[in-house]
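> Here it is: the structure, laid out below.
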Amino acid sequence: MNFRPITAADFATYQPYFSHQRHRLCDYSLSSIIAWQNDHYHPLVAIHEGWLVVAAEFTRDVHRRHMMLPIAPNRELPPAQLAALASGAGHQNVRFVPYCYLDTYGEDAVGTQFDIHRDPDLDDYVYRRQDLAELAGGKYAKKRNLIRQFTRSHVDAGRVVVGPITSDDVAACIDYLKVWCDQRECGPEMDEDLACERDAAINTLQNLDLLAVKGLHLRVDGEVKAFGAAARLTPDMATLQYEKADAEIKGLYQYFDQQCARQLFNGYTFINKESDMGLPGLAKSKRSYHPVEMVKAYHLH
């Protein structure tokens, strides 16, 4: 099987494979697969008997090399054929396997071909768009209160502008991302996952049109203080791939999150906010928005 690197320029070529894919983990967004490439992580693709096979090589931590479930519109590969394909591709590990795959074929059937391992740090949080756009009911009372405070202090004072990310905004969003990252010490020597996320966000911002990603940004007094980016995942779900906001401005995050739900996800029922990467603070924040589903992630070996 001949694997080759994939870049933003290849998006249109491979997008048809994803047009009706049904995996609800964020990792099956083509724009995300492409954007996360960096000096450490190298996504690769190959075409095999009508399937798009996505794999990853690592400069360091080579034991993390893996492939994902093969992708083709309205098709799924049963466990025995998946095991044969993985072996032929030279991969012992199939990562980012959503529970629905195990549910479809049965854990016993999958277990005859692979050892099954849970990856709870990679479980995705899924919300109803309507819930996040309206924030109705008592469980969101604290969110609405913070939004009211931000609205009074900033929006009503004419200090806030919210709009799509255009080519004219990209540099300012990247500059803000550097500030956001410095506040969290996410250099490679501090936290590799956050450093990789920073690089992926920059790759996305620089290729919004090529990757068919919708972006939204917020300026306070003319300076970018928040931005988000969303991409299609399944026919009824899109992912909020990045959402960065200045935590030092009270209520800004809650206000901007609601704006993202309202403006980036028209036509979708569900918003996938990706995983918490095992970070307790991030997990607490995601749970506070009351997900309607956790998409469980598995690793087959």
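Residues are referred to by chain and number: the chain letter is A, B, ... according to the order shown in the structure tokens, the number counts from 1 in that chain, and ligands are numbered separately from 1 in the order shown.
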DSSP on the backbone, strand (DSSP E or B) only: what residues of range 66-233 of chain A does that give? Format it as a count of residues only.

39

> Could you pull the residues within 12 Å of range 36-44 of chain A, counting only C-alpha atoms, minus those fewer than 6 positions along the same chain, as an NGL selection string?

:A and (1-8 or 10 or 14 or 27 or 29-30 or 52-62 or 64-68 or 89 or 188 or 192-204 or 241-242)

> I'd like the neighbourhood of Ile71 in chain A as an MDAnalysis selection string, where a residue qualifies if any of its atoms comes within 8 Å (using only C-alpha atoms), though same-chain residues fewer than 2 positions away should be ignored.

chainID A and resid 17:18 21 51:53 69 73 75:76

> Write out as a PyMOL selection string which residues come within 7 Å of Val292 in chain A when counting only C-alpha atoms, dropping same-chain ones fewer than 5 positions away.

chain A and resi 126-128

> Store the residues picked out above, limited to all heavy atoms, as a PDB file, in the first residue's frame.


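Result file part_3.pdb:
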ATOM      1  N   VAL A 126     -20.566  15.949  22.732  1.00  0.00           N
ATOM      2  CA  VAL A 126     -21.527  16.347  21.704  1.00  0.00           C
ATOM      3  C   VAL A 126     -22.691  17.074  22.364  1.00  0.00           C
ATOM      4  O   VAL A 126     -23.219  16.623  23.390  1.00  0.00           O
ATOM      5  CB  VAL A 126     -22.028  15.132  20.908  1.00  0.00           C
ATOM      6  CG1 VAL A 126     -23.137  15.538  19.932  1.00  0.00           C
ATOM      7  CG2 VAL A 126     -20.871  14.489  20.149  1.00  0.00           C
ATOM      8  N   TYR A 127     -23.114  18.187  21.750  1.00  0.00           N
ATOM      9  CA  TYR A 127     -24.183  19.033  22.278  1.00  0.00           C
ATOM     10  C   TYR A 127     -25.213  19.290  21.182  1.00  0.00           C
ATOM     11  O   TYR A 127     -24.890  19.255  19.994  1.00  0.00           O
ATOM     12  CB  TYR A 127     -23.623  20.392  22.736  1.00  0.00           C
ATOM     13  CG  TYR A 127     -22.441  20.293  23.663  1.00  0.00           C
ATOM     14  CD1 TYR A 127     -21.152  20.058  23.163  1.00  0.00           C
ATOM     15  CD2 TYR A 127     -22.594  20.415  25.038  1.00  0.00           C
ATOM     16  CE1 TYR A 127     -20.071  19.951  24.012  1.00  0.00           C
ATOM     17  CE2 TYR A 127     -21.512  20.319  25.897  1.00  0.00           C
ATOM     18  CZ  TYR A 127     -20.251  20.079  25.382  1.00  0.00           C
ATOM     19  OH  TYR A 127     -19.176  19.975  26.228  1.00  0.00           O
ATOM     20  N   ARG A 128     -26.434  19.589  21.597  1.00  0.00           N
ATOM     21  CA  ARG A 128     -27.423  20.072  20.629  1.00  0.00           C
ATOM     22  C   ARG A 128     -27.122  21.528  20.320  1.00  0.00           C
ATOM     23  O   ARG A 128     -26.906  22.341  21.218  1.00  0.00           O
ATOM     24  CB  ARG A 128     -28.840  19.963  21.185  1.00  0.00           C
ATOM     25  CG  ARG A 128     -29.377  18.541  21.264  1.00  0.00           C
ATOM     26  CD  ARG A 128     -30.862  18.547  21.576  1.00  0.00           C
ATOM     27  NE  ARG A 128     -31.366  17.194  21.742  1.00  0.00           N
ATOM     28  CZ  ARG A 128     -31.375  16.531  22.895  1.00  0.00           C
ATOM     29  NH1 ARG A 128     -30.894  17.123  23.986  1.00  0.00           N
ATOM     30  NH2 ARG A 128     -31.847  15.315  22.965  1.00  0.00           N
TER      31      ARG A 128
END

> Find the spatial neighbours of Gly158 in chain A, counting only C-alpha atoms, within a cut-off of 12 Å - ignore same-chain residues fewer than 5 positions away - and output them as a list in words.

Phe150, Thr151, Arg152, Ser153, Arg219, Val220, Asp221 and Gly222 of chain A

> As an exercise, work out the distance from CA of Pro70 in chain A to CA of Asp236 in chain A in Å and give it to one decimal place.

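Straight-line distance from CA of Pro70 in chain A to CA of Asp236 in chain A works out to 20.6 Å.
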
> Within 6 Å of range 111-123 of chain A, counting only C-alpha atoms, which residues show up once you throw out same-chain ones fewer than 2 positions away? Write them as a list of chain:residue names, please.

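Here the qualifying residues turn out to be A:Glu107, A:Asp108, A:Ala109, A:Ser275, A:Met277, A:Gly278, A:Val295, A:Lys296, A:Ala297, A:Tyr298, A:His299, A:Leu300, A:His301.
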
> Of the candidates A:His48, A:Leu25, A:Asp169, A:Ser32, which one gets nearest to Val213 in chain A if we count only C-alpha atoms?

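Residue with the minimum atom-to-atom distance to Val213 in chain A: A:Ser32.
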
> Which distance in Å separates CA of Ala245 in chain A and CA of Phe96 in chain A, to one decimal?

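Taking CA of Ala245 in chain A and CA of Phe96 in chain A, their separation equals 27.6 Å.
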
> What is the CA of Ile174 in chain A-CA of Ala283 in chain A distance in Å, reported with one decimal?

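Spanning CA of Ile174 in chain A to CA of Ala283 in chain A is a straight-line distance of 25.1 Å.
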
> Can you pull out the residues contacting Pro291 in chain A? Cut-off 12 Å, using only C-alpha atoms, and skip same-chain residues under 3 positions away; I want them as a PyMOL selection string.

chain A and resi 123-132+139+270-275+283-288+294-295

> Could you check which of A:Tyr289, A:His23, A:Tyr253, A:Asp103 is closest to Leu135 in chain A, using only C-alpha atoms?

A:Tyr289

> Once DSSP has gone over the backbone, tell me which residues of range 32-170 of chain A are in helix (DSSP H, G or I), as JSON, numbers by chain.

{"A": [32, 33, 34, 35, 62, 63, 64, 79, 80, 81, 82, 83, 84, 85, 86, 87, 88, 99, 100, 101, 102, 103, 104, 105, 107, 108, 109, 110, 111, 120, 121, 122, 129, 130, 131, 132, 133, 134, 138, 139, 140, 141, 142, 143, 144, 145, 146, 147, 148, 149, 150, 151, 152, 153, 154, 155, 170]}
